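Notes to accompany the following structure.
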Amino acid sequence: MITKCLFPVAGYGTRFLPATKAMPKEMLPILNKPLVQYGVEEAAEAGLSNICFVTGRGKRAIEDHFDISFELEQQISGTGKEKQLEGIRNLIESCSFSYTRQIEMLGLGHAILTGRKIIGDEAFGVILADDLCLVEDEPGVMAQMVKLYQQFRCSIVAIEEVPKDQVHRYGVIDGEVLSGDLIRVTDMVEKPDPADAPSNLAIIGRYVLSPDIFDIIENTEPGRNGEVQITDALMQQARDGCVIAYKFKGQRMDCGSVEGFVDATNYCFERLAKEQS
Ligand code: UTP
């Protein structure tokens with residue numbers, strides 16, 4: 001049983017400066033809901049109700065969001081506005097929240113290792129909240145991946161095809177096709193030049209990791225950009241045939257970039273308008 005989901009949220013969000021100078025990127029809203037709440041809802045839907053944040057300086061707003069806001073709630077109690085807090089209240093009641101700080105931003109692999117004490121010796125989900133994953137009429141992406149973990153018992157990474165000229169922004173995989181949407185990973189490169197990329201299958205911000213990943217990260221040298229890359233650690237598991245890449249069902253929007261954020265906002269607004277018509 002997987003019950004824990006790690007949210008690395010310590011990054012600086014430089015692509016969104018100046019908005020992210022004093023506010024966490026993960027609190028940027030798509031319509032009226034912050035990105036991080038979409039991520040926690042996806043984890044909860046997958047049965048991962050122990051939510052673990054790897055935070056950094058300037059991220060307090062995330063802790064406050066997953067807490068009651070006493071004065072505000074008193075003020076709107078008994079009015080129609082109470083309804084707008086229903087979703088977040090349900091989430092707070094159904095999940096537990098833990099926080100640990102990454103003191104130096106040494107990369108995603110390092111952020112995940114920082115969560116080791118909270119996660120312990122069990123498999124866990126990882127959600128990068130700035131990758132917004134929306135699914136219609138299916139379980140969410142994390143729920144799809146947890147099901148696969150139960151089948152394969154090894155690390156699962158979510159992938160999608162990206163245009164060749166975009167591969168330099170992602171970890172890119174190669175491997176042996178097991179079925180239409182499953183690949184056993186044999187190679188993995190972090191942010192390759194398009195000419196060196198093994199494919200155009202990019203890893204997006206959803207992982208289920210087996211706990212041996214922690215020892216591997218500990219022994220992983222800093223890679224691209226001097227950061228400890230999760231891709232390099234996963235490559236070690238892949239050499240033993242223990243990483244499955246999954247072409248998930250649904251749509252992913254890169255809300256860490258201004259363009260992707262605007263696309264996601266438009267998409268959600270149109271969806272809302274359709275629901276209300
Ligand atoms: P990004 O590459 O999107 O970096 O990190 P970033 O700092 O958030 O954003 P930009 O590129 O400067 O605009 C991917 C995820 O990994 C987390 C980030 O918070 C984000 O969710 N991360 C990255 C950490 O928690 N710690 C790190 O040291 C690096």
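Residue names in the structure tokens use chain letters A, B, ... in the order shown, residue numbers from 1 in each chain, and ligand numbers from 1 in the order shown.
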Listing only residues of chain A within 10 Å of ligand 1, what is the closest atom pair and its distance in Å (to one decimal) for each, using only C-alpha atoms and all ligand atoms, sorted by chain and residue number ascending, as JSON lines?
```
{"residue": "A:Phe7", "atom": "CA", "partner": "ligand 1", "partner_atom_place_in_ligand_line": "21 (O)", "distance": 7.2}
{"residue": "A:Pro8", "atom": "CA", "partner": "ligand 1", "partner_atom_place_in_ligand_line": "25 (O)", "distance": 3.9}
{"residue": "A:Val9", "atom": "CA", "partner": "ligand 1", "partner_atom_place_in_ligand_line": "19 (O)", "distance": 3.5}
{"residue": "A:Ala10", "atom": "CA", "partner": "ligand 1", "partner_atom_place_in_ligand_line": "25 (O)", "distance": 3.6}
{"residue": "A:Gly11", "atom": "CA", "partner": "ligand 1", "partner_atom_place_in_ligand_line": "19 (O)", "distance": 3.4}
{"residue": "A:Tyr12", "atom": "CA", "partner": "ligand 1", "partner_atom_place_in_ligand_line": "7 (O)", "distance": 3.9}
{"residue": "A:Gly13", "atom": "CA", "partner": "ligand 1", "partner_atom_place_in_ligand_line": "9 (O)", "distance": 3.4}
{"residue": "A:Thr14", "atom": "CA", "partner": "ligand 1", "partner_atom_place_in_ligand_line": "12 (O)", "distance": 3.6}
{"residue": "A:Arg15", "atom": "CA", "partner": "ligand 1", "partner_atom_place_in_ligand_line": "13 (O)", "distance": 3.7}
{"residue": "A:Phe16", "atom": "CA", "partner": "ligand 1", "partner_atom_place_in_ligand_line": "13 (O)", "distance": 6.0}
{"residue": "A:Leu17", "atom": "CA", "partner": "ligand 1", "partner_atom_place_in_ligand_line": "13 (O)", "distance": 8.0}
{"residue": "A:Thr20", "atom": "CA", "partner": "ligand 1", "partner_atom_place_in_ligand_line": "13 (O)", "distance": 9.0}
{"residue": "A:Pro24", "atom": "CA", "partner": "ligand 1", "partner_atom_place_in_ligand_line": "19 (O)", "distance": 8.8}
{"residue": "A:Lys25", "atom": "CA", "partner": "ligand 1", "partner_atom_place_in_ligand_line": "8 (O)", "distance": 7.1}
{"residue": "A:Glu26", "atom": "CA", "partner": "ligand 1", "partner_atom_place_in_ligand_line": "21 (O)", "distance": 7.7}
{"residue": "A:Val36", "atom": "CA", "partner": "ligand 1", "partner_atom_place_in_ligand_line": "21 (O)", "distance": 9.7}
{"residue": "A:Phe53", "atom": "CA", "partner": "ligand 1", "partner_atom_place_in_ligand_line": "25 (O)", "distance": 8.9}
{"residue": "A:Val54", "atom": "CA", "partner": "ligand 1", "partner_atom_place_in_ligand_line": "25 (O)", "distance": 6.2}
{"residue": "A:Thr55", "atom": "CA", "partner": "ligand 1", "partner_atom_place_in_ligand_line": "25 (O)", "distance": 6.7}
{"residue": "A:Gly56", "atom": "CA", "partner": "ligand 1", "partner_atom_place_in_ligand_line": "25 (O)", "distance": 7.6}
{"residue": "A:Arg101", "atom": "CA", "partner": "ligand 1", "partner_atom_place_in_ligand_line": "25 (O)", "distance": 9.2}
{"residue": "A:Gln102", "atom": "CA", "partner": "ligand 1", "partner_atom_place_in_ligand_line": "26 (N)", "distance": 7.0}
{"residue": "A:Ile103", "atom": "CA", "partner": "ligand 1", "partner_atom_place_in_ligand_line": "28 (O)", "distance": 9.0}
{"residue": "A:Glu104", "atom": "CA", "partner": "ligand 1", "partner_atom_place_in_ligand_line": "28 (O)", "distance": 6.8}
{"residue": "A:Met105", "atom": "CA", "partner": "ligand 1", "partner_atom_place_in_ligand_line": "28 (O)", "distance": 3.3}
{"residue": "A:Leu106", "atom": "CA", "partner": "ligand 1", "partner_atom_place_in_ligand_line": "28 (O)", "distance": 4.2}
{"residue": "A:Gly107", "atom": "CA", "partner": "ligand 1", "partner_atom_place_in_ligand_line": "28 (O)", "distance": 3.4}
{"residue": "A:Leu108", "atom": "CA", "partner": "ligand 1", "partner_atom_place_in_ligand_line": "29 (C)", "distance": 4.4}
{"residue": "A:Gly109", "atom": "CA", "partner": "ligand 1", "partner_atom_place_in_ligand_line": "27 (C)", "distance": 7.7}
{"residue": "A:His110", "atom": "CA", "partner": "ligand 1", "partner_atom_place_in_ligand_line": "28 (O)", "distance": 6.4}
{"residue": "A:Ala111", "atom": "CA", "partner": "ligand 1", "partner_atom_place_in_ligand_line": "26 (N)", "distance": 4.7}
{"residue": "A:Ile112", "atom": "CA", "partner": "ligand 1", "partner_atom_place_in_ligand_line": "25 (O)", "distance": 7.6}
{"residue": "A:Thr114", "atom": "CA", "partner": "ligand 1", "partner_atom_place_in_ligand_line": "25 (O)", "distance": 9.2}
{"residue": "A:Val126", "atom": "CA", "partner": "ligand 1", "partner_atom_place_in_ligand_line": "21 (O)", "distance": 9.8}
{"residue": "A:Ile127", "atom": "CA", "partner": "ligand 1", "partner_atom_place_in_ligand_line": "21 (O)", "distance": 7.9}
{"residue": "A:Leu128", "atom": "CA", "partner": "ligand 1", "partner_atom_place_in_ligand_line": "21 (O)", "distance": 4.5}
{"residue": "A:Ala129", "atom": "CA", "partner": "ligand 1", "partner_atom_place_in_ligand_line": "21 (O)", "distance": 6.0}
{"residue": "A:Asp130", "atom": "CA", "partner": "ligand 1", "partner_atom_place_in_ligand_line": "21 (O)", "distance": 6.1}
{"residue": "A:Asp131", "atom": "CA", "partner": "ligand 1", "partner_atom_place_in_ligand_line": "21 (O)", "distance": 8.2}
{"residue": "A:Arg169", "atom": "CA", "partner": "ligand 1", "partner_atom_place_in_ligand_line": "2 (O)", "distance": 8.7}
{"residue": "A:Tyr170", "atom": "CA", "partner": "ligand 1", "partner_atom_place_in_ligand_line": "2 (O)", "distance": 9.1}
{"residue": "A:Ile204", "atom": "CA", "partner": "ligand 1", "partner_atom_place_in_ligand_line": "14 (C)", "distance": 9.7}
{"residue": "A:Gly205", "atom": "CA", "partner": "ligand 1", "partner_atom_place_in_ligand_line": "15 (C)", "distance": 7.6}
{"residue": "A:Glu227", "atom": "CA", "partner": "ligand 1", "partner_atom_place_in_ligand_line": "28 (O)", "distance": 7.5}
{"residue": "A:Val228", "atom": "CA", "partner": "ligand 1", "partner_atom_place_in_ligand_line": "28 (O)", "distance": 8.3}
{"residue": "A:Gln229", "atom": "CA", "partner": "ligand 1", "partner_atom_place_in_ligand_line": "29 (C)", "distance": 9.0}
{"residue": "A:Ile230", "atom": "CA", "partner": "ligand 1", "partner_atom_place_in_ligand_line": "16 (O)", "distance": 9.9}
{"residue": "A:Asp254", "atom": "CA", "partner": "ligand 1", "partner_atom_place_in_ligand_line": "3 (O)", "distance": 9.1}
{"residue": "A:Cys255", "atom": "CA", "partner": "ligand 1", "partner_atom_place_in_ligand_line": "3 (O)", "distance": 9.1}
{"residue": "A:Gly256", "atom": "CA", "partner": "ligand 1", "partner_atom_place_in_ligand_line": "3 (O)", "distance": 5.9}
{"residue": "A:Ser257", "atom": "CA", "partner": "ligand 1", "partner_atom_place_in_ligand_line": "13 (O)", "distance": 7.0}
{"residue": "A:Val258", "atom": "CA", "partner": "ligand 1", "partner_atom_place_in_ligand_line": "13 (O)", "distance": 9.5}
```
Please write the residues from the selection above to a file, keeping N, CA and C atoms, as a compact mmCIF listing (two decimals), in the first residue's frame.
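The resulting file, selection-v9.txt, is reproduced below:
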```
# COMPACT_ATOMS: atom_id res chain seq x y z
N PHE A 7 5.90 16.28 -2.12
CA PHE A 7 5.78 17.47 -2.98
C PHE A 7 7.04 18.31 -2.82
N PRO A 8 7.99 18.21 -3.75
CA PRO A 8 9.15 19.10 -3.67
C PRO A 8 8.71 20.50 -4.13
N VAL A 9 8.74 21.44 -3.22
CA VAL A 9 8.26 22.80 -3.56
C VAL A 9 9.29 23.86 -3.16
N ALA A 10 10.56 23.45 -3.12
CA ALA A 10 11.58 24.37 -2.62
C ALA A 10 12.18 25.25 -3.71
N GLY A 11 11.89 24.96 -4.98
CA GLY A 11 12.52 25.69 -6.09
C GLY A 11 12.17 27.18 -6.06
N TYR A 12 12.99 27.97 -6.76
CA TYR A 12 12.82 29.43 -6.72
C TYR A 12 11.75 29.94 -7.68
N GLY A 13 11.40 29.15 -8.68
CA GLY A 13 10.37 29.60 -9.63
C GLY A 13 10.81 30.84 -10.40
N THR A 14 12.06 30.85 -10.86
CA THR A 14 12.61 32.07 -11.48
C THR A 14 11.87 32.47 -12.76
N ARG A 15 11.25 31.48 -13.43
CA ARG A 15 10.56 31.84 -14.68
C ARG A 15 9.34 32.71 -14.41
N PHE A 16 8.92 32.77 -13.16
CA PHE A 16 7.74 33.57 -12.83
C PHE A 16 8.06 34.84 -12.06
N LEU A 17 9.34 35.18 -12.01
CA LEU A 17 9.69 36.44 -11.34
C LEU A 17 9.11 37.62 -12.14
N THR A 20 7.02 35.50 -8.20
CA THR A 20 7.46 34.51 -7.21
C THR A 20 8.55 35.04 -6.27
N PRO A 24 5.24 31.62 -3.18
CA PRO A 24 5.63 30.36 -3.82
C PRO A 24 4.95 30.20 -5.18
N LYS A 25 5.71 29.69 -6.14
CA LYS A 25 5.14 29.40 -7.47
C LYS A 25 3.92 28.50 -7.35
N GLU A 26 3.97 27.56 -6.40
CA GLU A 26 2.90 26.57 -6.25
C GLU A 26 1.59 27.18 -5.76
N VAL A 36 -0.90 24.00 -6.09
CA VAL A 36 -0.56 22.95 -5.14
C VAL A 36 -1.82 22.20 -4.66
N PHE A 53 5.68 17.77 2.32
CA PHE A 53 6.24 18.86 1.53
C PHE A 53 7.72 19.03 1.83
N VAL A 54 8.52 19.16 0.79
CA VAL A 54 9.91 19.60 0.96
C VAL A 54 9.90 21.07 0.58
N THR A 55 9.96 21.92 1.60
CA THR A 55 9.79 23.35 1.37
C THR A 55 11.13 24.07 1.47
N GLY A 56 11.08 25.36 1.28
CA GLY A 56 12.28 26.18 1.41
C GLY A 56 11.89 27.53 1.98
N ARG A 101 12.48 21.07 5.44
CA ARG A 101 13.07 22.11 4.60
C ARG A 101 14.32 21.65 3.88
N GLN A 102 14.39 21.99 2.62
CA GLN A 102 15.63 21.81 1.87
C GLN A 102 16.42 23.11 2.08
N ILE A 103 17.56 23.00 2.73
CA ILE A 103 18.30 24.21 3.11
C ILE A 103 18.97 24.85 1.89
N GLU A 104 19.56 23.99 1.03
CA GLU A 104 20.18 24.51 -0.19
C GLU A 104 19.48 23.87 -1.37
N MET A 105 19.20 24.66 -2.41
CA MET A 105 18.47 24.12 -3.57
C MET A 105 19.48 23.41 -4.49
N LEU A 106 19.69 22.14 -4.20
CA LEU A 106 20.72 21.40 -4.94
C LEU A 106 20.13 20.47 -5.99
N GLY A 107 18.86 20.70 -6.34
CA GLY A 107 18.26 19.91 -7.42
C GLY A 107 17.13 19.02 -6.93
N LEU A 108 16.35 18.51 -7.90
CA LEU A 108 15.18 17.70 -7.57
C LEU A 108 15.58 16.42 -6.83
N GLY A 109 16.66 15.78 -7.28
CA GLY A 109 17.10 14.55 -6.60
C GLY A 109 17.40 14.84 -5.14
N HIS A 110 18.10 15.92 -4.90
CA HIS A 110 18.44 16.31 -3.53
C HIS A 110 17.18 16.64 -2.73
N ALA A 111 16.20 17.31 -3.38
CA ALA A 111 14.95 17.64 -2.69
C ALA A 111 14.24 16.34 -2.26
N ILE A 112 14.24 15.36 -3.13
CA ILE A 112 13.58 14.08 -2.81
C ILE A 112 14.31 13.40 -1.65
N THR A 114 15.87 14.83 0.67
CA THR A 114 15.54 15.60 1.88
C THR A 114 14.27 15.04 2.55
N VAL A 126 5.52 11.05 -6.04
CA VAL A 126 6.11 12.40 -6.10
C VAL A 126 5.28 13.20 -7.10
N ILE A 127 4.85 14.37 -6.67
CA ILE A 127 4.11 15.26 -7.57
C ILE A 127 4.81 16.62 -7.63
N LEU A 128 5.14 17.06 -8.84
CA LEU A 128 5.63 18.42 -9.04
C LEU A 128 4.40 19.25 -9.40
N ALA A 129 4.00 20.10 -8.46
CA ALA A 129 2.69 20.73 -8.58
C ALA A 129 2.61 21.71 -9.75
N ASP A 130 3.77 22.13 -10.26
CA ASP A 130 3.68 23.07 -11.40
C ASP A 130 3.37 22.34 -12.70
N ASP A 131 3.43 21.02 -12.71
CA ASP A 131 2.89 20.25 -13.83
C ASP A 131 1.45 19.91 -13.46
N ARG A 169 14.40 20.46 -22.30
CA ARG A 169 13.82 20.92 -21.04
C ARG A 169 13.46 19.78 -20.08
N TYR A 170 13.66 18.53 -20.53
CA TYR A 170 13.15 17.38 -19.77
C TYR A 170 14.21 16.29 -19.57
N ILE A 204 7.53 13.70 -17.11
CA ILE A 204 6.84 14.87 -16.55
C ILE A 204 6.80 14.72 -15.01
N GLY A 205 6.17 15.67 -14.35
CA GLY A 205 6.29 15.74 -12.89
C GLY A 205 5.43 14.79 -12.08
N GLU A 227 23.45 20.05 -10.33
CA GLU A 227 22.37 19.63 -9.43
C GLU A 227 22.31 18.10 -9.33
N VAL A 228 21.84 17.60 -8.18
CA VAL A 228 21.64 16.16 -8.05
C VAL A 228 20.34 15.82 -8.78
N GLN A 229 20.47 15.12 -9.89
CA GLN A 229 19.33 14.88 -10.77
C GLN A 229 18.65 13.56 -10.42
N ILE A 230 17.33 13.59 -10.31
CA ILE A 230 16.59 12.34 -10.05
C ILE A 230 16.75 11.39 -11.24
N ASP A 254 2.33 22.56 -18.42
CA ASP A 254 3.52 23.01 -17.70
C ASP A 254 3.28 24.41 -17.14
N CYS A 255 2.75 24.46 -15.94
CA CYS A 255 2.41 25.74 -15.34
C CYS A 255 3.61 26.43 -14.71
N GLY A 256 4.79 25.85 -14.85
CA GLY A 256 6.02 26.51 -14.41
C GLY A 256 6.49 27.53 -15.43
N SER A 257 5.88 27.50 -16.63
CA SER A 257 6.21 28.50 -17.64
C SER A 257 4.99 29.38 -17.84
N VAL A 258 5.23 30.64 -18.19
CA VAL A 258 4.12 31.59 -18.32
C VAL A 258 3.16 31.11 -19.41
```
Going by DSSP on the backbone, which residues of stretch 76-276 of chain A come out as alpha helix (DSSP H)? List them as a PyMOL selection string.
chain A and resi 76+86-94+108-114+116-119+141-152+213-218+230-239+258-276
Using only C-alpha atoms, determine which residues lie at most 12 Å from A:Thr220, disregarding the query and same-chain residues fewer than 2 positions distant; provide the list as a list in words.
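That gives Gly107, Gly109, His110, Leu113, Ile213, Phe214, Asp215, Ile216, Ile217, Glu218, Pro222, Gly223, Arg224, Gly226, Glu227, Val228, Gln229, Ile230, Thr231, Asp232, Ala233, Leu234, Met235 and Gln236 of chain A.
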Between A:Phe269, A:Lys247, A:Val208, A:Asn32, which is the closest to A:Met142 once you count only C-alpha atoms?
A:Val208
Run DSSP on the backbone and grab whatever in stretch 204-233 of chain A lands in strand (DSSP E); send it over as a PDB file with C-alpha atoms, in the first residue's frame.
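And here's result_32.pdb as it stands now:
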```pdb
ATOM      1  CA  ILE A 204       6.844  14.872 -16.546  1.00  0.00           C
ATOM      2  CA  GLY A 205       6.291  15.739 -12.893  1.00  0.00           C
ATOM      3  CA  ARG A 206       4.756  12.490 -11.640  1.00  0.00           C
ATOM      4  CA  TYR A 207       6.705   9.579 -10.172  1.00  0.00           C
ATOM      5  CA  VAL A 208       6.120   6.557  -7.992  1.00  0.00           C
ATOM      6  CA  LEU A 209       9.471   5.619  -6.467  1.00  0.00           C
TER       7      LEU A 209
END
```
Env of A:Ala61: 9 Å cut, atoms = only C-alpha atoms, seq-sep filter 4 positions within chain, self excluded. Answer as an mmCIF file with C-alpha atoms, in the first residue's frame.
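Dumped to part_0.cif:
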```cif
data_model
loop_
_atom_site.group_PDB
_atom_site.id
_atom_site.type_symbol
_atom_site.label_atom_id
_atom_site.label_comp_id
_atom_site.auth_asym_id
_atom_site.auth_seq_id
_atom_site.Cartn_x
_atom_site.Cartn_y
_atom_site.Cartn_z
ATOM 1 C CA MET A 23 5.118 34.075 -3.130
ATOM 2 C CA PRO A 24 5.628 30.361 -3.822
ATOM 3 C CA MET A 27 0.409 29.107 -4.844
ATOM 4 C CA HIS A 65 -3.143 27.127 2.875
ATOM 5 C CA PHE A 66 -3.421 23.626 4.361
#
```
Within 8 Å of A:Pro198, counting only C-alpha atoms, which residues qualify if same-chain residues fewer than 6 places away don't, as a PyMOL selection string?
chain A and resi 172-174+187-189
Quick one: distance from atom CA of A:Ala264 to atom CA of A:Val40 in Å, one decimal?
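It comes out at 17.4 Å.
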Between atom CA of A:Arg57 and atom CA of A:Ala19, what is the distance, to one decimal in Å?
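So the answer is 15.5 Å.
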In terms of the shortest atom-to-atom distance over only C-alpha atoms, which of A:Leu182, A:Leu132, A:Ala44, A:Cys5 is closest to A:Phe261?
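Nearest candidate to A:Phe261 out of A:Leu182, A:Leu132, A:Ala44, A:Cys5: A:Leu132.
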Hey, can you check how far atom CA of A:Leu91 sits from atom CA of A:Arg116?
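Taking atom CA of A:Leu91 as the start and atom CA of A:Arg116 as the end point, the length is 23.8 Å.
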